[in-house]
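work_31.cif, holding mmCIF, N, CA and C atoms:
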data_protein
loop_
_atom_site.label_atom_id
_atom_site.label_comp_id
_atom_site.auth_asym_id
_atom_site.auth_seq_id
_atom_site.Cartn_x
_atom_site.Cartn_y
_atom_site.Cartn_z
N MET A 30 0.86 -1.17 0.00
CA MET A 30 0.00 0.00 0.00
C MET A 30 0.90 1.22 0.00
N LEU A 31 0.75 2.06 -0.97
CA LEU A 31 1.53 3.28 -1.07
C LEU A 31 0.65 4.46 -0.71
N VAL A 32 1.07 5.19 0.30
CA VAL A 32 0.32 6.37 0.71
C VAL A 32 0.84 7.52 -0.14
N GLY A 33 -0.05 8.25 -0.81
CA GLY A 33 0.37 9.27 -1.75
C GLY A 33 0.37 10.67 -1.21
N THR A 34 0.92 11.58 -2.01
CA THR A 34 1.00 12.97 -1.62
C THR A 34 -0.20 13.78 -2.07
N ASP A 35 -1.12 13.18 -2.81
CA ASP A 35 -2.24 13.95 -3.37
C ASP A 35 -2.98 14.77 -2.31
N CYS A 36 -3.27 14.15 -1.18
CA CYS A 36 -4.03 14.86 -0.16
C CYS A 36 -3.23 16.01 0.45
N ALA A 37 -1.91 15.90 0.45
CA ALA A 37 -1.08 16.96 1.03
C ALA A 37 -1.06 18.21 0.15
N PHE A 38 -1.35 18.06 -1.13
CA PHE A 38 -1.33 19.21 -2.03
C PHE A 38 -2.60 20.03 -1.95
N VAL A 39 -3.68 19.43 -1.52
CA VAL A 39 -4.95 20.13 -1.44
C VAL A 39 -5.20 20.43 0.03
N ARG A 40 -4.57 21.48 0.52
CA ARG A 40 -4.56 21.78 1.95
C ARG A 40 -5.95 21.85 2.56
N ARG A 41 -6.86 22.51 1.91
CA ARG A 41 -8.17 22.67 2.54
C ARG A 41 -8.94 21.35 2.59
N ALA A 42 -8.52 20.36 1.77
CA ALA A 42 -9.22 19.08 1.77
C ALA A 42 -8.53 18.05 2.65
N PHE A 43 -7.29 18.32 3.08
CA PHE A 43 -6.56 17.34 3.87
C PHE A 43 -7.05 17.34 5.31
N ASP A 44 -7.49 16.21 5.76
CA ASP A 44 -7.99 16.06 7.11
C ASP A 44 -7.31 14.83 7.71
N LEU A 45 -6.42 15.06 8.67
CA LEU A 45 -5.63 13.98 9.24
C LEU A 45 -6.51 12.90 9.88
N LYS A 46 -7.57 13.30 10.56
CA LYS A 46 -8.46 12.32 11.18
C LYS A 46 -9.16 11.47 10.13
N GLN A 47 -9.63 12.10 9.06
CA GLN A 47 -10.30 11.35 8.00
C GLN A 47 -9.30 10.43 7.29
N SER A 48 -8.11 10.93 7.07
CA SER A 48 -7.07 10.12 6.44
C SER A 48 -6.77 8.90 7.30
N ASP A 49 -6.70 9.09 8.61
CA ASP A 49 -6.45 7.99 9.54
C ASP A 49 -7.58 6.95 9.46
N LEU A 50 -8.81 7.43 9.42
CA LEU A 50 -9.94 6.51 9.28
C LEU A 50 -9.90 5.75 7.97
N ASP A 51 -9.59 6.46 6.90
CA ASP A 51 -9.51 5.82 5.58
C ASP A 51 -8.45 4.72 5.58
N CYS A 52 -7.27 5.05 6.10
CA CYS A 52 -6.19 4.07 6.13
C CYS A 52 -6.51 2.91 7.06
N SER A 53 -7.16 3.19 8.18
CA SER A 53 -7.55 2.12 9.10
C SER A 53 -8.45 1.12 8.39
N GLY A 54 -9.41 1.62 7.65
CA GLY A 54 -10.30 0.72 6.91
C GLY A 54 -9.56 -0.10 5.87
N LEU A 55 -8.66 0.53 5.14
CA LEU A 55 -7.88 -0.20 4.14
C LEU A 55 -7.00 -1.26 4.79
N LEU A 56 -6.35 -0.88 5.89
CA LEU A 56 -5.49 -1.84 6.59
C LEU A 56 -6.29 -3.01 7.16
N ASP A 57 -7.44 -2.71 7.71
CA ASP A 57 -8.30 -3.78 8.23
C ASP A 57 -8.63 -4.78 7.13
N ARG A 58 -9.02 -4.27 5.97
CA ARG A 58 -9.37 -5.17 4.85
C ARG A 58 -8.15 -5.91 4.35
N ALA A 59 -7.01 -5.22 4.24
CA ALA A 59 -5.79 -5.86 3.73
C ALA A 59 -5.33 -6.97 4.67
N GLN A 60 -5.44 -6.76 5.96
CA GLN A 60 -4.98 -7.77 6.91
C GLN A 60 -5.91 -8.97 6.97
N GLN A 61 -7.08 -8.88 6.39
CA GLN A 61 -7.99 -10.02 6.35
C GLN A 61 -7.66 -10.95 5.19
N THR A 62 -6.72 -10.57 4.36
CA THR A 62 -6.32 -11.40 3.22
C THR A 62 -5.06 -12.18 3.59
N THR A 63 -4.63 -13.02 2.69
CA THR A 63 -3.39 -13.76 2.91
C THR A 63 -2.19 -13.00 2.35
N THR A 64 -2.43 -11.84 1.81
CA THR A 64 -1.37 -11.02 1.24
C THR A 64 -0.59 -10.33 2.35
N GLU A 65 0.73 -10.32 2.22
CA GLU A 65 1.55 -9.59 3.18
C GLU A 65 1.44 -8.10 2.88
N VAL A 66 1.30 -7.31 3.92
CA VAL A 66 1.07 -5.88 3.77
C VAL A 66 2.32 -5.10 4.14
N PHE A 67 2.71 -4.17 3.28
CA PHE A 67 3.78 -3.22 3.54
C PHE A 67 3.21 -1.83 3.28
N ILE A 68 3.69 -0.87 4.00
CA ILE A 68 3.27 0.51 3.79
C ILE A 68 4.48 1.33 3.39
N ALA A 69 4.36 2.06 2.30
CA ALA A 69 5.38 3.04 1.93
C ALA A 69 4.83 4.40 2.34
N LEU A 70 5.54 5.06 3.25
CA LEU A 70 5.08 6.36 3.75
C LEU A 70 5.10 7.41 2.65
N ILE A 71 4.43 8.52 2.91
CA ILE A 71 4.40 9.62 1.95
C ILE A 71 5.80 10.23 1.86
N PRO A 72 6.38 10.25 0.69
CA PRO A 72 7.71 10.87 0.57
C PRO A 72 7.58 12.39 0.54
N LEU A 73 8.61 13.06 1.05
CA LEU A 73 8.63 14.51 0.91
C LEU A 73 8.66 14.84 -0.56
N THR A 74 8.21 16.02 -0.91
CA THR A 74 8.12 16.40 -2.31
C THR A 74 8.84 17.72 -2.54
N SER A 75 8.77 18.25 -3.74
CA SER A 75 9.53 19.48 -4.01
C SER A 75 8.79 20.77 -3.65
N PRO A 76 7.48 20.90 -3.77
CA PRO A 76 6.86 22.14 -3.29
C PRO A 76 6.92 22.21 -1.77
N ALA A 77 7.67 23.16 -1.24
CA ALA A 77 7.88 23.25 0.21
C ALA A 77 6.57 23.35 0.98
N GLU A 78 5.57 24.03 0.40
CA GLU A 78 4.30 24.20 1.12
C GLU A 78 3.59 22.87 1.36
N ALA A 79 3.80 21.89 0.51
CA ALA A 79 3.17 20.58 0.71
C ALA A 79 3.87 19.80 1.81
N ASN A 80 5.16 20.01 1.97
CA ASN A 80 5.91 19.23 2.95
C ASN A 80 5.49 19.49 4.39
N GLN A 81 4.85 20.61 4.65
CA GLN A 81 4.42 20.86 6.03
C GLN A 81 3.34 19.88 6.49
N PHE A 82 2.61 19.28 5.56
CA PHE A 82 1.55 18.34 5.89
C PHE A 82 2.03 16.89 5.92
N ILE A 83 3.14 16.63 5.28
CA ILE A 83 3.59 15.24 5.14
C ILE A 83 4.13 14.65 6.44
N PRO A 84 5.04 15.32 7.18
CA PRO A 84 5.52 14.71 8.44
C PRO A 84 4.41 14.39 9.44
N PRO A 85 3.45 15.28 9.70
CA PRO A 85 2.38 14.90 10.64
C PRO A 85 1.54 13.72 10.12
N ALA A 86 1.31 13.69 8.81
CA ALA A 86 0.55 12.57 8.25
C ALA A 86 1.33 11.27 8.41
N ASN A 87 2.64 11.31 8.12
CA ASN A 87 3.45 10.11 8.27
C ASN A 87 3.53 9.65 9.72
N GLN A 88 3.60 10.59 10.66
CA GLN A 88 3.62 10.21 12.07
C GLN A 88 2.33 9.49 12.45
N ALA A 89 1.22 9.99 11.96
CA ALA A 89 -0.07 9.34 12.23
C ALA A 89 -0.10 7.95 11.59
N PHE A 90 0.38 7.84 10.34
CA PHE A 90 0.39 6.55 9.66
C PHE A 90 1.31 5.57 10.40
N GLN A 91 2.46 6.06 10.87
CA GLN A 91 3.37 5.19 11.59
C GLN A 91 2.74 4.66 12.88
N ARG A 92 2.04 5.50 13.61
CA ARG A 92 1.34 5.02 14.82
C ARG A 92 0.31 3.96 14.45
N LEU A 93 -0.42 4.21 13.40
CA LEU A 93 -1.47 3.30 12.95
C LEU A 93 -0.88 1.95 12.53
N ILE A 94 0.15 1.97 11.71
CA ILE A 94 0.70 0.71 11.21
C ILE A 94 1.52 0.00 12.28
N HIS A 95 2.18 0.77 13.17
CA HIS A 95 2.93 0.14 14.25
C HIS A 95 1.98 -0.62 15.17
N SER A 96 0.81 -0.05 15.44
CA SER A 96 -0.16 -0.72 16.31
C SER A 96 -0.66 -2.03 15.71
N ARG A 97 -0.51 -2.19 14.40
CA ARG A 97 -0.93 -3.42 13.72
C ARG A 97 0.24 -4.34 13.40
N GLY A 98 1.46 -3.90 13.72
CA GLY A 98 2.64 -4.73 13.44
C GLY A 98 2.98 -4.83 11.96
N ILE A 99 2.64 -3.81 11.19
CA ILE A 99 2.88 -3.82 9.75
C ILE A 99 4.19 -3.10 9.46
N PRO A 100 5.06 -3.71 8.65
CA PRO A 100 6.31 -3.03 8.31
C PRO A 100 6.05 -1.85 7.37
N PHE A 101 6.92 -0.83 7.48
CA PHE A 101 6.78 0.31 6.59
C PHE A 101 8.11 0.65 5.94
N ILE A 102 8.01 1.36 4.85
CA ILE A 102 9.16 1.79 4.08
C ILE A 102 9.12 3.31 4.01
N ASP A 103 10.22 3.94 4.37
CA ASP A 103 10.30 5.40 4.30
C ASP A 103 11.37 5.76 3.27
N LEU A 104 10.95 6.25 2.13
CA LEU A 104 11.88 6.61 1.06
C LEU A 104 12.45 8.02 1.19
N SER A 105 11.90 8.82 2.08
CA SER A 105 12.35 10.22 2.17
C SER A 105 13.85 10.36 2.44
N PRO A 106 14.46 9.55 3.30
CA PRO A 106 15.90 9.71 3.50
C PRO A 106 16.72 9.50 2.22
N THR A 107 16.18 8.71 1.31
CA THR A 107 16.89 8.43 0.06
C THR A 107 16.62 9.47 -1.02
N ILE A 108 15.35 9.83 -1.20
CA ILE A 108 15.01 10.72 -2.31
C ILE A 108 14.79 12.17 -1.90
N SER A 109 14.71 12.40 -0.59
CA SER A 109 14.50 13.77 -0.07
C SER A 109 15.40 14.02 1.14
N PRO A 110 16.70 13.77 1.03
CA PRO A 110 17.56 13.83 2.21
C PRO A 110 17.69 15.22 2.83
N GLU A 111 17.40 16.25 2.07
CA GLU A 111 17.54 17.62 2.58
C GLU A 111 16.18 18.26 2.87
N GLY A 112 15.14 17.45 2.98
CA GLY A 112 13.82 17.97 3.32
C GLY A 112 12.93 18.31 2.13
N ALA A 113 13.42 18.10 0.93
CA ALA A 113 12.61 18.30 -0.27
C ALA A 113 13.09 17.30 -1.32
N LEU A 114 12.20 16.88 -2.17
CA LEU A 114 12.53 15.91 -3.19
C LEU A 114 13.64 16.44 -4.09
N LEU A 115 14.70 15.66 -4.26
CA LEU A 115 15.82 16.09 -5.10
C LEU A 115 15.36 16.22 -6.55
N ALA A 116 15.87 17.23 -7.22
CA ALA A 116 15.44 17.55 -8.59
C ALA A 116 15.59 16.37 -9.54
N ARG A 117 16.61 15.55 -9.35
CA ARG A 117 16.83 14.43 -10.28
C ARG A 117 15.76 13.34 -10.15
N PHE A 118 14.95 13.42 -9.11
CA PHE A 118 13.92 12.40 -8.88
C PHE A 118 12.52 12.86 -9.24
N ILE A 119 12.40 14.05 -9.80
CA ILE A 119 11.07 14.58 -10.13
C ILE A 119 11.17 15.35 -11.44
N PHE A 120 10.17 15.21 -12.30
CA PHE A 120 10.29 15.90 -13.59
C PHE A 120 9.29 17.03 -13.79
N ASP A 121 8.25 17.10 -13.00
CA ASP A 121 7.27 18.17 -13.22
C ASP A 121 6.79 18.78 -11.91
N GLY A 122 7.57 18.61 -10.86
CA GLY A 122 7.18 19.13 -9.56
C GLY A 122 6.36 18.16 -8.74
N MET A 123 5.91 17.06 -9.35
CA MET A 123 5.08 16.12 -8.62
C MET A 123 5.38 14.66 -8.95
N HIS A 124 5.66 14.34 -10.19
CA HIS A 124 5.79 12.94 -10.61
C HIS A 124 7.25 12.51 -10.68
N TYR A 125 7.46 11.26 -10.27
CA TYR A 125 8.81 10.70 -10.22
C TYR A 125 9.42 10.50 -11.60
N THR A 126 10.74 10.57 -11.62
CA THR A 126 11.50 10.17 -12.80
C THR A 126 11.77 8.67 -12.71
N GLU A 127 12.28 8.11 -13.78
CA GLU A 127 12.61 6.69 -13.79
C GLU A 127 13.62 6.33 -12.69
N PRO A 128 14.67 7.12 -12.46
CA PRO A 128 15.58 6.79 -11.34
C PRO A 128 14.87 6.73 -9.98
N ALA A 129 13.91 7.59 -9.76
CA ALA A 129 13.15 7.55 -8.50
C ALA A 129 12.33 6.27 -8.40
N TYR A 130 11.71 5.88 -9.50
CA TYR A 130 10.94 4.63 -9.49
C TYR A 130 11.85 3.43 -9.27
N ARG A 131 13.06 3.46 -9.85
CA ARG A 131 14.01 2.35 -9.62
C ARG A 131 14.37 2.25 -8.14
N LEU A 132 14.63 3.40 -7.51
CA LEU A 132 14.94 3.40 -6.08
C LEU A 132 13.76 2.88 -5.26
N ARG A 133 12.60 3.35 -5.60
CA ARG A 133 11.39 2.92 -4.88
C ARG A 133 11.19 1.41 -5.02
N ARG A 134 11.35 0.92 -6.24
CA ARG A 134 11.21 -0.52 -6.50
C ARG A 134 12.26 -1.31 -5.69
N ALA A 135 13.50 -0.81 -5.65
CA ALA A 135 14.57 -1.49 -4.91
C ALA A 135 14.28 -1.50 -3.41
N GLU A 136 13.78 -0.40 -2.87
CA GLU A 136 13.45 -0.34 -1.44
C GLU A 136 12.32 -1.31 -1.09
N ILE A 137 11.32 -1.37 -1.93
CA ILE A 137 10.20 -2.29 -1.69
C ILE A 137 10.67 -3.73 -1.80
N ALA A 138 11.49 -4.04 -2.81
CA ALA A 138 12.01 -5.40 -2.98
C ALA A 138 12.86 -5.80 -1.78
N ALA A 139 13.67 -4.89 -1.27
CA ALA A 139 14.51 -5.18 -0.10
C ALA A 139 13.63 -5.47 1.13
N ALA A 140 12.56 -4.71 1.29
CA ALA A 140 11.66 -4.94 2.43
C ALA A 140 10.99 -6.31 2.32
N VAL A 141 10.58 -6.68 1.13
CA VAL A 141 9.96 -7.98 0.93
C VAL A 141 10.96 -9.10 1.21
N ARG A 142 12.20 -8.97 0.69
CA ARG A 142 13.23 -9.98 0.95
C ARG A 142 13.51 -10.10 2.45
N HIS A 143 13.60 -8.98 3.11
CA HIS A 143 13.87 -8.98 4.56
C HIS A 143 12.74 -9.68 5.31
N SER A 144 11.52 -9.42 4.90
CA SER A 144 10.36 -10.03 5.55
C SER A 144 10.36 -11.54 5.35
N LYS A 145 10.69 -11.97 4.15
CA LYS A 145 10.69 -13.41 3.85
C LYS A 145 11.83 -14.14 4.58
N ALA A 146 12.91 -13.42 4.88
CA ALA A 146 14.05 -14.02 5.55
C ALA A 146 13.76 -14.27 7.04
N ARG A 147 12.74 -13.59 7.56
CA ARG A 147 12.41 -13.77 9.00
C ARG A 147 11.72 -15.06 9.26
#
Here is a file; write its structure as structure tokens.
Amino acid sequence: MLVGTDCAFVRRAFDLKQSDLDCSGLLDRAQQTTTEVFIALIPLTSPAEANQFIPPANQAFQRLIHSRGIPFIDLSPTISPEGALLARFIFDGMHYTEPAYRLRRAEIAAAVRHSKAR
């Protein structure tokens, strides 16, 4: 499950409580399946004004997924090490470049391998 930045860009529509409820419902349904669940947190992005909403949202998601014992992946240290998405990983201010997708794919694959090794 990949949590996206869409809600962070529409400030007046972003509601942390509603987002928490939405994710709770999705997680409840996902955990009822035989599929292993991983969460990729919202990565920081390049518009600085959007980033103010992302850390509080990720903190809420981390509390939610930690309470369920679900592993998570945080790509921000890799693609946004200085607090904003690095230019080489974004081509239009919002969408990833191919190198960003390769990194994301590698991080997810590593998490799956680590989980299977346990």
Residues near Leu132 (chain A), cut-off 10 Å, only C-alpha atoms, skip fewer than 4 positions along chain, as a ChimeraX atom specification: /A:104,107-108,118,127-128,136-138
Residue members of the PyMOL selection byres (((chain A and resi 105 and name CA) around 9) and name CA) in the file shown, as a list in words: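 Taken on the displayed file, the PyMOL selection byres (((chain A and resi 105 and name CA) around 9) and name CA) yields the residues Leu70, Ile71, Pro72, Leu73, Thr74, Asp103, Leu104, Pro106, Thr107, Ile108, Ser109, Pro110, Gly112, Ala113 and Leu114 of chain A.
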Atomic distance atom N of Pro84 (chain A) - atom N of Arg97 (chain A), expressed in Å with one decimal: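 So the answer is 19.7 Å.
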Given only C-alpha atoms as the counted atoms, nearest of A:Ile94, A:Asp121, A:Ala135, A:Ile102 to Asp57 (chain A):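 Of A:Ile94, A:Asp121, A:Ala135, A:Ile102, the one nearest Asp57 (chain A), counting only C-alpha atoms, is A:Ile94.
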Residues near Thr126 (chain A), cut-off 10 Å, only C-alpha atoms, skip fewer than 6 positions along chain, as a list in words: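 Non-adjacent residues within range: Ala116, Arg117, Phe118, Ile119 and Phe120 of chain A.
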As a PDB file with N, CA and C atoms, in the coordinates of the input, list the residues of chain A assigned to strand (DSSP E or B) by DSSP on the backbone atoms of this structure.
ATOM      1  N   LEU A  31       0.750   2.060  -0.970  1.00  0.00           N
ATOM      2  CA  LEU A  31       1.530   3.280  -1.070  1.00  0.00           C
ATOM      3  C   LEU A  31       0.650   4.460  -0.710  1.00  0.00           C
ATOM      4  N   ILE A  68       3.690  -0.870   4.000  1.00  0.00           N
ATOM      5  CA  ILE A  68       3.270   0.510   3.790  1.00  0.00           C
ATOM      6  C   ILE A  68       4.480   1.330   3.390  1.00  0.00           C
ATOM      7  N   ALA A  69       4.360   2.060   2.300  1.00  0.00           N
ATOM      8  CA  ALA A  69       5.380   3.040   1.930  1.00  0.00           C
ATOM      9  C   ALA A  69       4.830   4.400   2.340  1.00  0.00           C
ATOM     10  N   PHE A 101       6.920  -0.830   7.480  1.00  0.00           N
ATOM     11  CA  PHE A 101       6.780   0.310   6.590  1.00  0.00           C
ATOM     12  C   PHE A 101       8.110   0.650   5.940  1.00  0.00           C
ATOM     13  N   ILE A 102       8.010   1.360   4.850  1.00  0.00           N
ATOM     14  CA  ILE A 102       9.160   1.790   4.080  1.00  0.00           C
ATOM     15  C   ILE A 102       9.120   3.310   4.010  1.00  0.00           C
ATOM     16  N   ILE A 119      12.400  14.050  -9.800  1.00  0.00           N
ATOM     17  CA  ILE A 119      11.070  14.580 -10.130  1.00  0.00           C
ATOM     18  C   ILE A 119      11.170  15.350 -11.440  1.00  0.00           C
ATOM     19  N   TYR A 125       7.460  11.260 -10.270  1.00  0.00           N
ATOM     20  CA  TYR A 125       8.810  10.700 -10.220  1.00  0.00           C
ATOM     21  C   TYR A 125       9.420  10.500 -11.600  1.00  0.00           C
TER      22      TYR A 125
END
Å distance separating CA of Gln47 (chain A) from atom N of Gly122 (chain A), one decimal place: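 It comes out at 27.0 Å.
The two atoms in question, atom C of Gln60 (chain A) and atom N of Tyr130 (chain A), are spaced 28.3 Å apart.
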Filtered DSSP result for chain A, state helix (DSSP H, G or I), as JSON, numbers by chain: {"A": [35, 36, 37, 38, 40, 41, 42, 45, 46, 47, 48, 49, 50, 51, 52, 53, 54, 55, 56, 57, 58, 59, 60, 77, 78, 79, 80, 83, 84, 85, 86, 87, 88, 89, 90, 91, 92, 93, 94, 95, 96, 97, 105, 106, 107, 108, 116, 117, 118, 127, 128, 129, 130, 131, 132, 133, 134, 135, 136, 137, 138, 139, 140, 141, 142, 143, 144, 145, 146]}
Nearest to Ser96 (chain A) by atom-to-atom distance, counting only C-alpha atoms, from A:Ser53, A:Asn80, A:Ser144, A:Thr62: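 Of all the options, A:Ser53 lies closest to Ser96 (chain A).
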Nearest residue to Ala89 (chain A) from the set A:Ser48, A:Arg133, A:Val141, A:His124 (distances using only C-alpha atoms):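 For Ala89 (chain A), the nearest of the candidates is A:Ser48.
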Selected residue, from A:Pro85, A:Gln61, A:Ser75, A:Phe101, that lies nearest to Leu115 (chain A) when counting only C-alpha atoms: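 Result for the nearest residue to Leu115 (chain A): A:Ser75.
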